[in-house]
Amino acid sequence: MSQRIHLYLSLALGLLLMLSAASGLVLSASVLSGHLQAPASDTQSVGQVAERLAQQLPNIERLERAPDGELRATLATAEGTDQVRIDPLTAAVIGPYQPSATLGWIRDLHRELLLGSAGRWLSGLAALALLALAVSGGWLLARRLGGWHRLLLPIKPGHGLAHWHSVVARWALPVLLVSAGSGLYLAGSSQGWISDGQDMELAYPETVDAAPAAAPGTLSALRNLALRDLRELEFPSANQASYFTVRTATGEGFVNAGSGNWISYQPHGPARQLYETMYELHTAAGSPMWSLILGAASLACLFLGITGTFAWWRRQRQSRSVAGNSPAQQAEAIILVGSQSGSTWDYARQLHEQLASSGMSVHSASMNQLQPSYPQARYLLILTATHGDGQAPQSASTFLQRLAQSRLAPELQAAVLGLGDSSFQHFCGYAEQVEEQLRELGVKPLLALHKVDRGNPGDLDLWALRLGRALGIDLKLTPVQSMPALQPLRLLSREVFGEADEAPAAILRFALDAGQPPARFAPGDLLAISPGPGLAPRYYSIASADEDGAVEICVRRQPQGLCSTLLHELPLGACIQGFLQPHPDFRPDAGQHPLILVGAGTGLAPLIGFARKNLALRPLHLYWGGRHAQAGFPYQAELQECLADGRLTQLGLAFSQGPAAMYVQDRLRQDAAELQRLLAQGAQILVCGSRDMAAGVRAVVETLLAGQGGSVEQLKQQGRYREDVY
């Protein structure tokens with residue numbers, strides 16, 4: 001429901017909101033400009049300024065202080081009155097007061113859409129729509145992030161309009177709520193639906209104690225009133241020189257022009273106080289800092305409107321732009337897509353094109369377009385994102401209900417690909433619901449549910465490989481983010497370990513192109529290597545940092561591995577194409593809490609990089625698993641150096657071949673008591689290696705945490721358990 005409210009309001013009233021935001025941006029800029037240009041006068045009293053004005057401008061009738069601090073005096077003339085701007089320190093006339101016609105036009109556009117009083121209700125409608133959008137958007141954002149408490153936590157680095165829409169919305173949300181609520185109130189008060197308290201006028205005094213008029217600067221009531229609190233001061237008229245009329249931000253009254261005492265004073269009632277507060281919140285009339293914040297919120301509103309509209313248009317275009325889409329009733333393979341931001345459609349389109357090129361007839365549609373049956377279909381392939389922490393994405397909101405009423409053929413085989421974020425408690429939770437309902441309906445599984453963590457290339461490659469094997473064709477899915485420009489990488493050195501093995505490992509160091517701007521990278525970031533034109537890049541964890549002068553990776557040669565073979569056979573001094581990709585989700589947090597690093601095989605590369613940089617000597621425990629120790633293994637000597645100088649506190653090795661064969665997760669079990677002690681001290685765990693190894697490590701850590709009443713999911717939510725798996 002929240003999604004529909006947000007979408008329909010945006011589409012129906014988007015133009016009205018954009019006009020309000022654009023005009024509000026200009027008005028807030030004008031308020032800020034007025035504050036910056038107004039002469040400083042906060043230290044002056046009303047009495048001091050009034051006395052100077054009375055001396056230099058004997059024909060003065062009224063003094064007004066604008067919200068930005070500008071002073072305006074109304075002077076009596078033979079033709080009527082003139083209004084001039086005044087220097088508060090000298091009472092000199094700066095020049096005539098001439099309101100900007102352009103600003104007046106923009107103000108009318110903002111308040112009443114140039115329609116006069118009839119347009120006020122439209123402005124109120126815009127404020128109501130903004131309030132509803134802010135509330136529904138906040139609800140959607142909280143769901144997407146995994147709970148209201150996560151609104152106060154940093155949003156994970158990402159890419160694309162959907163990510164920046166969320167980032168900007170999160171910071172702008174409180175100000176937009178204030179702006180919308182105050183705007184709605186002001187619109188209601190302008191229509192008389194809400195009392196603004198201005199009908200409670202103070203009665204003029206009937207009698208005043210006669211006393212000779214004194215200099216305004218000697219009148220105690222005016223002398224004790226700060227100029228910054230003044231709204232308006234009416235001077236005694238020539239034929240009735242008995243009192244000043246004073247209006248302030250908090251009330252109004254009359255001051256005896258002779259004695260300087262208050263004749264009467266009426267503070268604003270609750271309705272007027274509320275109006276003044278709402279007016280200040282909506283216009284920032286008295287605060288340059290708040291005007292800057294409101295201007296930023298108006299700019300954010302424009303950004304959100306543009307990016308939200310573009311994301312909606314992109315989803316519509318993507319869902320309709322599948323080339324060669326066979327009719328649903330004739331297709332051999334059905335691809336159903338559940339997408340929130342549109343990126344899942346990019347994977348679906350790649351899959352559709354490759355299946356179609358193999359000779360299959362393929363039909364692609366959103367999950368909400370599920371048909372009751374597919375007479376010719378043999379395969380049902382479902383690619384779905386998860387919105388928030390386990391909810392259905394927008395294009396799959398009615399899928400489960402439709403699936404329950406469907407009549408899918410018993411021979412149909414299904415495979416579900418879930419795309420999500422492992423930091424959520426219910427990682428790919430909606431994909432799990434889909435697979436469970438398919439199983440309950442008796443649909444045969446073509447593959448088990450496969451999950452992709454934040455577009456991880458390894459996750460995508462593995463699913464495409466398994467699906468291709470099941471279908472008897474070659475498949476490849478490429479990450480949807482736009483690939484950075486490739487740059488040449490020159491091989492400086494290669495150190496090979498286990499050359500007698502079928503799968504030797506090598507440490508490779510590359511120099512970046514000297515003609516490019518200096519690149520920034522750190523251990524745990526990724527080096528993407530292109531094995532050739534038109535082929536998806538392969539990603540390798542980096543062991544070095546930019547100050548080391550080279551990009552260092554560790555690669556195991558895989559049988560029939562295209563990229564790994566290329567890297568192992570690349571001549572020294574030769575170049576290969578690639579690019580650097582930041583990976584901020586796989587780095588140790590700052591501080592002195594213990595670190596537990598776990599890896600296997602070439603997953604040691606980023607871990608040795610973290611140990612190298614541990615110059616502060618924080619407690620660092622490294623566990624690594626290899627095949628055997630006899631032939632040596634990558635970074636063996638350097639690990640001993642780190643142990644000797646204190647950068648490594650403990651090194652736990654495990655070898656799967658030999659007399660004392662064990663895996664790295666077995667080594668963790670041996671140190672269970674020590675690891676539990678470290679976890680109780682707030683230790684962070686980083687795991688790098690194969691997916692099977694990571695699953696085994698996760699199971700061990702779950703056991704360790706069970707005795708402390710914790711879980712791996714809780715550690716993930718705290719940022720204390722991070723994985724880089726392939």
# chains A, B, ... in the order shown; residues from 1 in each chain; ligands from 1
call {"tool": "residues_around", "arguments": {"residues": "Leu186 (chain A)", "least_positions_apart": "2", "cutoff": "9 Å", "atoms": "only C-alpha atoms", "output": "PDB file with N, CA and C atoms, in the first residue's frame"}}
result
ATOM      1  N   GLY A 124      -2.015  24.162  -0.517  1.00  0.00           N
ATOM      2  CA  GLY A 124      -2.262  23.267   0.612  1.00  0.00           C
ATOM      3  C   GLY A 124      -2.258  21.811   0.184  1.00  0.00           C
ATOM      4  N   GLY A 181       4.514  19.917   6.897  1.00  0.00           N
ATOM      5  CA  GLY A 181       3.563  20.143   7.986  1.00  0.00           C
ATOM      6  C   GLY A 181       3.287  21.613   8.218  1.00  0.00           C
ATOM      7  N   SER A 182       4.337  22.440   8.212  1.00  0.00           N
ATOM      8  CA  SER A 182       4.141  23.880   8.416  1.00  0.00           C
ATOM      9  C   SER A 182       3.433  24.510   7.226  1.00  0.00           C
ATOM     10  N   GLY A 183       3.748  24.043   6.009  1.00  0.00           N
ATOM     11  CA  GLY A 183       3.065  24.566   4.831  1.00  0.00           C
ATOM     12  C   GLY A 183       1.589  24.231   4.831  1.00  0.00           C
ATOM     13  N   LEU A 184       1.260  23.028   5.264  1.00  0.00           N
ATOM     14  CA  LEU A 184      -0.145  22.633   5.354  1.00  0.00           C
ATOM     15  C   LEU A 184      -0.878  23.490   6.379  1.00  0.00           C
ATOM     16  N   GLY A 188      -3.942  26.132   5.613  1.00  0.00           N
ATOM     17  CA  GLY A 188      -5.206  26.053   6.336  1.00  0.00           C
ATOM     18  C   GLY A 188      -5.564  27.350   7.029  1.00  0.00           C
ATOM     19  N   SER A 189      -4.575  28.034   7.607  1.00  0.00           N
ATOM     20  CA  SER A 189      -4.862  29.307   8.285  1.00  0.00           C
ATOM     21  C   SER A 189      -5.237  30.390   7.284  1.00  0.00           C
ATOM     22  N   SER A 190      -4.632  30.354   6.078  1.00  0.00           N
ATOM     23  CA  SER A 190      -4.970  31.367   5.071  1.00  0.00           C
ATOM     24  C   SER A 190      -6.402  31.210   4.573  1.00  0.00           C
ATOM     25  N   GLN A 191      -6.949  29.996   4.644  1.00  0.00           N
ATOM     26  CA  GLN A 191      -8.324  29.745   4.232  1.00  0.00           C
ATOM     27  C   GLN A 191      -9.318  29.904   5.384  1.00  0.00           C
ATOM     28  N   ILE A 194      -8.047  27.197  10.106  1.00  0.00           N
ATOM     29  CA  ILE A 194      -7.312  27.136  11.371  1.00  0.00           C
ATOM     30  C   ILE A 194      -7.127  28.565  11.859  1.00  0.00           C
ATOM     31  N   ASP A 196      -5.342  31.667  13.322  1.00  0.00           N
ATOM     32  CA  ASP A 196      -3.954  32.082  13.496  1.00  0.00           C
ATOM     33  C   ASP A 196      -3.779  33.049  14.660  1.00  0.00           C
ATOM     34  N   TYR A 275       1.087  29.985  15.171  1.00  0.00           N
ATOM     35  CA  TYR A 275       1.227  30.558  13.835  1.00  0.00           C
ATOM     36  C   TYR A 275       2.638  31.101  13.624  1.00  0.00           C
ATOM     37  N   MET A 278       5.062  28.223  13.151  1.00  0.00           N
ATOM     38  CA  MET A 278       4.918  27.583  11.845  1.00  0.00           C
ATOM     39  C   MET A 278       5.434  28.482  10.723  1.00  0.00           C
ATOM     40  N   TYR A 279       5.190  29.769  10.846  1.00  0.00           N
ATOM     41  CA  TYR A 279       5.669  30.712   9.834  1.00  0.00           C
ATOM     42  C   TYR A 279       7.196  30.707   9.793  1.00  0.00           C
ATOM     43  N   HIS A 282       8.515  27.463   8.252  1.00  0.00           N
ATOM     44  CA  HIS A 282       8.298  27.318   6.811  1.00  0.00           C
ATOM     45  C   HIS A 282       9.104  28.315   5.987  1.00  0.00           C
TER      46      HIS A 282
END
call {"tool": "residues_around", "arguments": {"residues": "Ala503 (chain A)", "least_positions_apart": "3", "cutoff": "7 Å", "atoms": "only C-alpha atoms", "output": "PyMOL selection string"}}
result
chain A and resi 556-558
call {"tool": "closest_residue", "arguments": {"among": "A:Thr307, A:Ser357, A:Asn614, A:Asn368", "to": "His165 (chain A)", "atoms": "only C-alpha atoms"}}
result
A:Thr307
call {"tool": "select_by_dssp", "arguments": {"residues": "region 392-571 of chain A", "states": "strand (DSSP E or B)", "output": "NGL selection string"}}
result
:A and (413-420 or 444-445 or 450-453 or 487-497 or 505-512 or 526-529 or 538-542 or 551-556)
call {"tool": "residues_around", "arguments": {"residues": "Leu412 (chain A)", "least_positions_apart": "6", "cutoff": "10 Å", "atoms": "only C-alpha atoms", "output": "CSV table (one decimal) with N, CA and C atoms, in the first residue's frame"}}
result
chain,number,residue,atom,x,y,z
A,332,GLU,N,8.8,-21.8,-24.7
A,332,GLU,CA,9.4,-23.0,-24.0
A,332,GLU,C,9.9,-22.7,-22.7
A,333,ALA,N,10.5,-21.4,-22.5
A,333,ALA,CA,11.0,-21.0,-21.3
A,333,ALA,C,10.3,-19.7,-20.8
A,374,TYR,N,1.0,-22.2,-18.6
A,374,TYR,CA,1.8,-22.0,-19.8
A,374,TYR,C,1.9,-23.4,-20.5
A,375,PRO,N,1.1,-23.6,-21.5
A,375,PRO,CA,0.9,-24.9,-22.1
A,375,PRO,C,2.1,-25.5,-22.7
A,376,GLN,N,3.0,-24.7,-23.3
A,376,GLN,CA,4.2,-25.2,-24.0
A,376,GLN,C,5.5,-25.1,-23.1
A,377,ALA,N,5.4,-24.5,-21.9
A,377,ALA,CA,6.6,-24.2,-21.2
A,377,ALA,C,7.2,-25.5,-20.5
A,378,ARG,N,8.5,-25.5,-20.6
A,378,ARG,CA,9.3,-26.6,-19.9
A,378,ARG,C,10.0,-26.1,-18.7
A,379,TYR,N,10.4,-24.8,-18.8
A,379,TYR,CA,11.2,-24.2,-17.7
A,379,TYR,C,10.6,-22.9,-17.2
A,380,LEU,N,10.5,-22.7,-15.9
A,380,LEU,CA,10.1,-21.4,-15.3
A,380,LEU,C,11.3,-20.9,-14.5
A,442,GLY,N,4.0,-28.3,-5.7
A,442,GLY,CA,4.5,-29.5,-6.4
A,442,GLY,C,5.3,-29.2,-7.7
A,443,VAL,N,5.8,-28.0,-7.9
A,443,VAL,CA,6.6,-27.7,-9.1
A,443,VAL,C,8.0,-28.3,-8.9
A,444,LYS,N,8.4,-29.0,-9.9
A,444,LYS,CA,9.7,-29.6,-9.8
A,444,LYS,C,10.9,-28.6,-9.8
A,445,PRO,N,11.9,-28.8,-9.0
A,445,PRO,CA,13.0,-27.8,-9.0
A,445,PRO,C,14.0,-28.2,-10.1
A,446,LEU,N,14.3,-27.2,-10.9
A,446,LEU,CA,15.4,-27.4,-11.9
A,446,LEU,C,16.7,-27.2,-11.2
call {"tool": "closest_residue", "arguments": {"among": "A:Ala706, A:Leu566, A:Leu17, A:Leu648", "to": "Ser123 (chain A)", "atoms": "only C-alpha atoms"}}
result
A:Leu17
call {"tool": "closest_residue", "arguments": {"among": "A:Ala54, A:Ala129, A:Leu617, A:Val46", "to": "Ala12 (chain A)", "atoms": "only C-alpha atoms"}}
result
A:Ala129
call {"tool": "closest_residue", "arguments": {"among": "A:Asp108, A:Glu723, A:Glu252, A:Asp671", "to": "Ser690 (chain A)", "atoms": "only C-alpha atoms"}}
result
A:Glu723
call {"tool": "residues_around", "arguments": {"residues": "Gly95 (chain A)", "least_positions_apart": "2", "cutoff": "6 Å", "atoms": "only C-alpha atoms", "output": "list in words"}}
result
Val84, Arg85 and Val93 of chain A
call {"tool": "write_last_selection", "arguments": {"atoms": "C-alpha atoms", "output": "CSV table (one decimal), in the first residue's frame"}}
result
chain,number,residue,atom,x,y,z
A,84,VAL,CA,13.0,53.9,3.0
A,85,ARG,CA,15.7,51.5,4.2
A,93,VAL,CA,18.7,56.6,4.9
call {"tool": "closest_residue", "arguments": {"among": "A:Ala464, A:Pro537, A:Gln717, A:Pro504", "to": "Ala485 (chain A)", "atoms": "only C-alpha atoms"}}
result
A:Pro537
call {"tool": "residues_around", "arguments": {"residues": "region 257-264 of chain A", "least_positions_apart": "4", "cutoff": "7 Å", "atoms": "only C-alpha atoms", "output": "PyMOL selection string"}}
result
chain A and resi 211-214+219-221+242-244+253
call {"tool": "write_last_selection", "arguments": {"atoms": "N, CA and C atoms", "output": "PDB file, in the first residue's frame"}}
result
ATOM      1  N   ALA A 211       2.078  63.517  30.368  1.00  0.00           N
ATOM      2  CA  ALA A 211       3.468  63.777  30.755  1.00  0.00           C
ATOM      3  C   ALA A 211       4.189  64.300  29.533  1.00  0.00           C
ATOM      4  N   PRO A 212       5.140  65.195  29.717  1.00  0.00           N
ATOM      5  CA  PRO A 212       5.885  65.709  28.561  1.00  0.00           C
ATOM      6  C   PRO A 212       6.595  64.559  27.849  1.00  0.00           C
ATOM      7  N   ALA A 213       6.596  64.609  26.511  1.00  0.00           N
ATOM      8  CA  ALA A 213       7.271  63.568  25.735  1.00  0.00           C
ATOM      9  C   ALA A 213       8.760  63.588  26.035  1.00  0.00           C
ATOM     10  N   ALA A 214       9.325  62.400  26.235  1.00  0.00           N
ATOM     11  CA  ALA A 214      10.751  62.269  26.529  1.00  0.00           C
ATOM     12  C   ALA A 214      11.467  61.680  25.318  1.00  0.00           C
ATOM     13  N   LEU A 219      13.326  56.084  27.440  1.00  0.00           N
ATOM     14  CA  LEU A 219      12.128  55.345  27.837  1.00  0.00           C
ATOM     15  C   LEU A 219      12.517  53.906  28.191  1.00  0.00           C
ATOM     16  N   SER A 220      12.254  53.518  29.428  1.00  0.00           N
ATOM     17  CA  SER A 220      12.732  52.222  29.925  1.00  0.00           C
ATOM     18  C   SER A 220      12.189  51.048  29.110  1.00  0.00           C
ATOM     19  N   ALA A 221      10.911  51.106  28.725  1.00  0.00           N
ATOM     20  CA  ALA A 221      10.323  49.986  27.983  1.00  0.00           C
ATOM     21  C   ALA A 221      11.012  49.792  26.640  1.00  0.00           C
ATOM     22  N   SER A 242       1.344  60.890  22.743  1.00  0.00           N
ATOM     23  CA  SER A 242       1.180  60.333  24.082  1.00  0.00           C
ATOM     24  C   SER A 242       1.734  58.919  24.236  1.00  0.00           C
ATOM     25  N   TYR A 243       1.798  58.109  23.158  1.00  0.00           N
ATOM     26  CA  TYR A 243       2.283  56.734  23.334  1.00  0.00           C
ATOM     27  C   TYR A 243       2.846  56.186  22.017  1.00  0.00           C
ATOM     28  N   PHE A 244       3.733  55.182  22.180  1.00  0.00           N
ATOM     29  CA  PHE A 244       4.259  54.386  21.076  1.00  0.00           C
ATOM     30  C   PHE A 244       3.473  53.075  21.017  1.00  0.00           C
ATOM     31  N   GLY A 253       1.842  45.964  22.475  1.00  0.00           N
ATOM     32  CA  GLY A 253       1.363  46.821  23.552  1.00  0.00           C
ATOM     33  C   GLY A 253       1.656  48.281  23.265  1.00  0.00           C
TER      34      GLY A 253
END
call {"tool": "atom_distance", "arguments": {"atom1": "CA of Glu713 (chain A)", "atom2": "CA of Leu460 (chain A)"}}
result
22.6 Å
call {"tool": "residues_around", "arguments": {"residues": "Leu351 (chain A)", "least_positions_apart": "2", "cutoff": "8 Å", "atoms": "only C-alpha atoms", "output": "PDB file with C-alpha atoms, in the first residue's frame"}}
result
ATOM      1  CA  TYR A 347      19.918  -9.798 -15.720  1.00  0.00           C
ATOM      2  CA  ALA A 348      16.635 -11.094 -17.125  1.00  0.00           C
ATOM      3  CA  ARG A 349      17.350  -9.485 -20.472  1.00  0.00           C
ATOM      4  CA  GLU A 353      18.883 -13.135 -25.166  1.00  0.00           C
ATOM      5  CA  GLN A 354      21.191 -16.083 -24.477  1.00  0.00           C
ATOM      6  CA  LEU A 355      18.351 -18.600 -24.219  1.00  0.00           C
ATOM      7  CA  LEU A 475      25.297 -19.043 -20.010  1.00  0.00           C
ATOM      8  CA  LYS A 476      26.985 -15.959 -18.590  1.00  0.00           C
ATOM      9  CA  LEU A 477      25.516 -13.093 -16.539  1.00  0.00           C
TER      10      LEU A 477
END
call {"tool": "closest_residue", "arguments": {"among": "A:Leu25, A:Leu679, A:Leu130, A:Ala331", "to": "Leu176 (chain A)", "atoms": "only C-alpha atoms"}}
result
A:Leu130
call {"tool": "select_by_dssp", "arguments": {"residues": "region 260-473 of chain A", "states": "helix (DSSP H, G or I)", "output": "NGL selection string"}}
result
:A and (270-283 or 288-320 or 343-357 or 367-369 or 394-396 or 399-404 or 429-440 or 457-471)
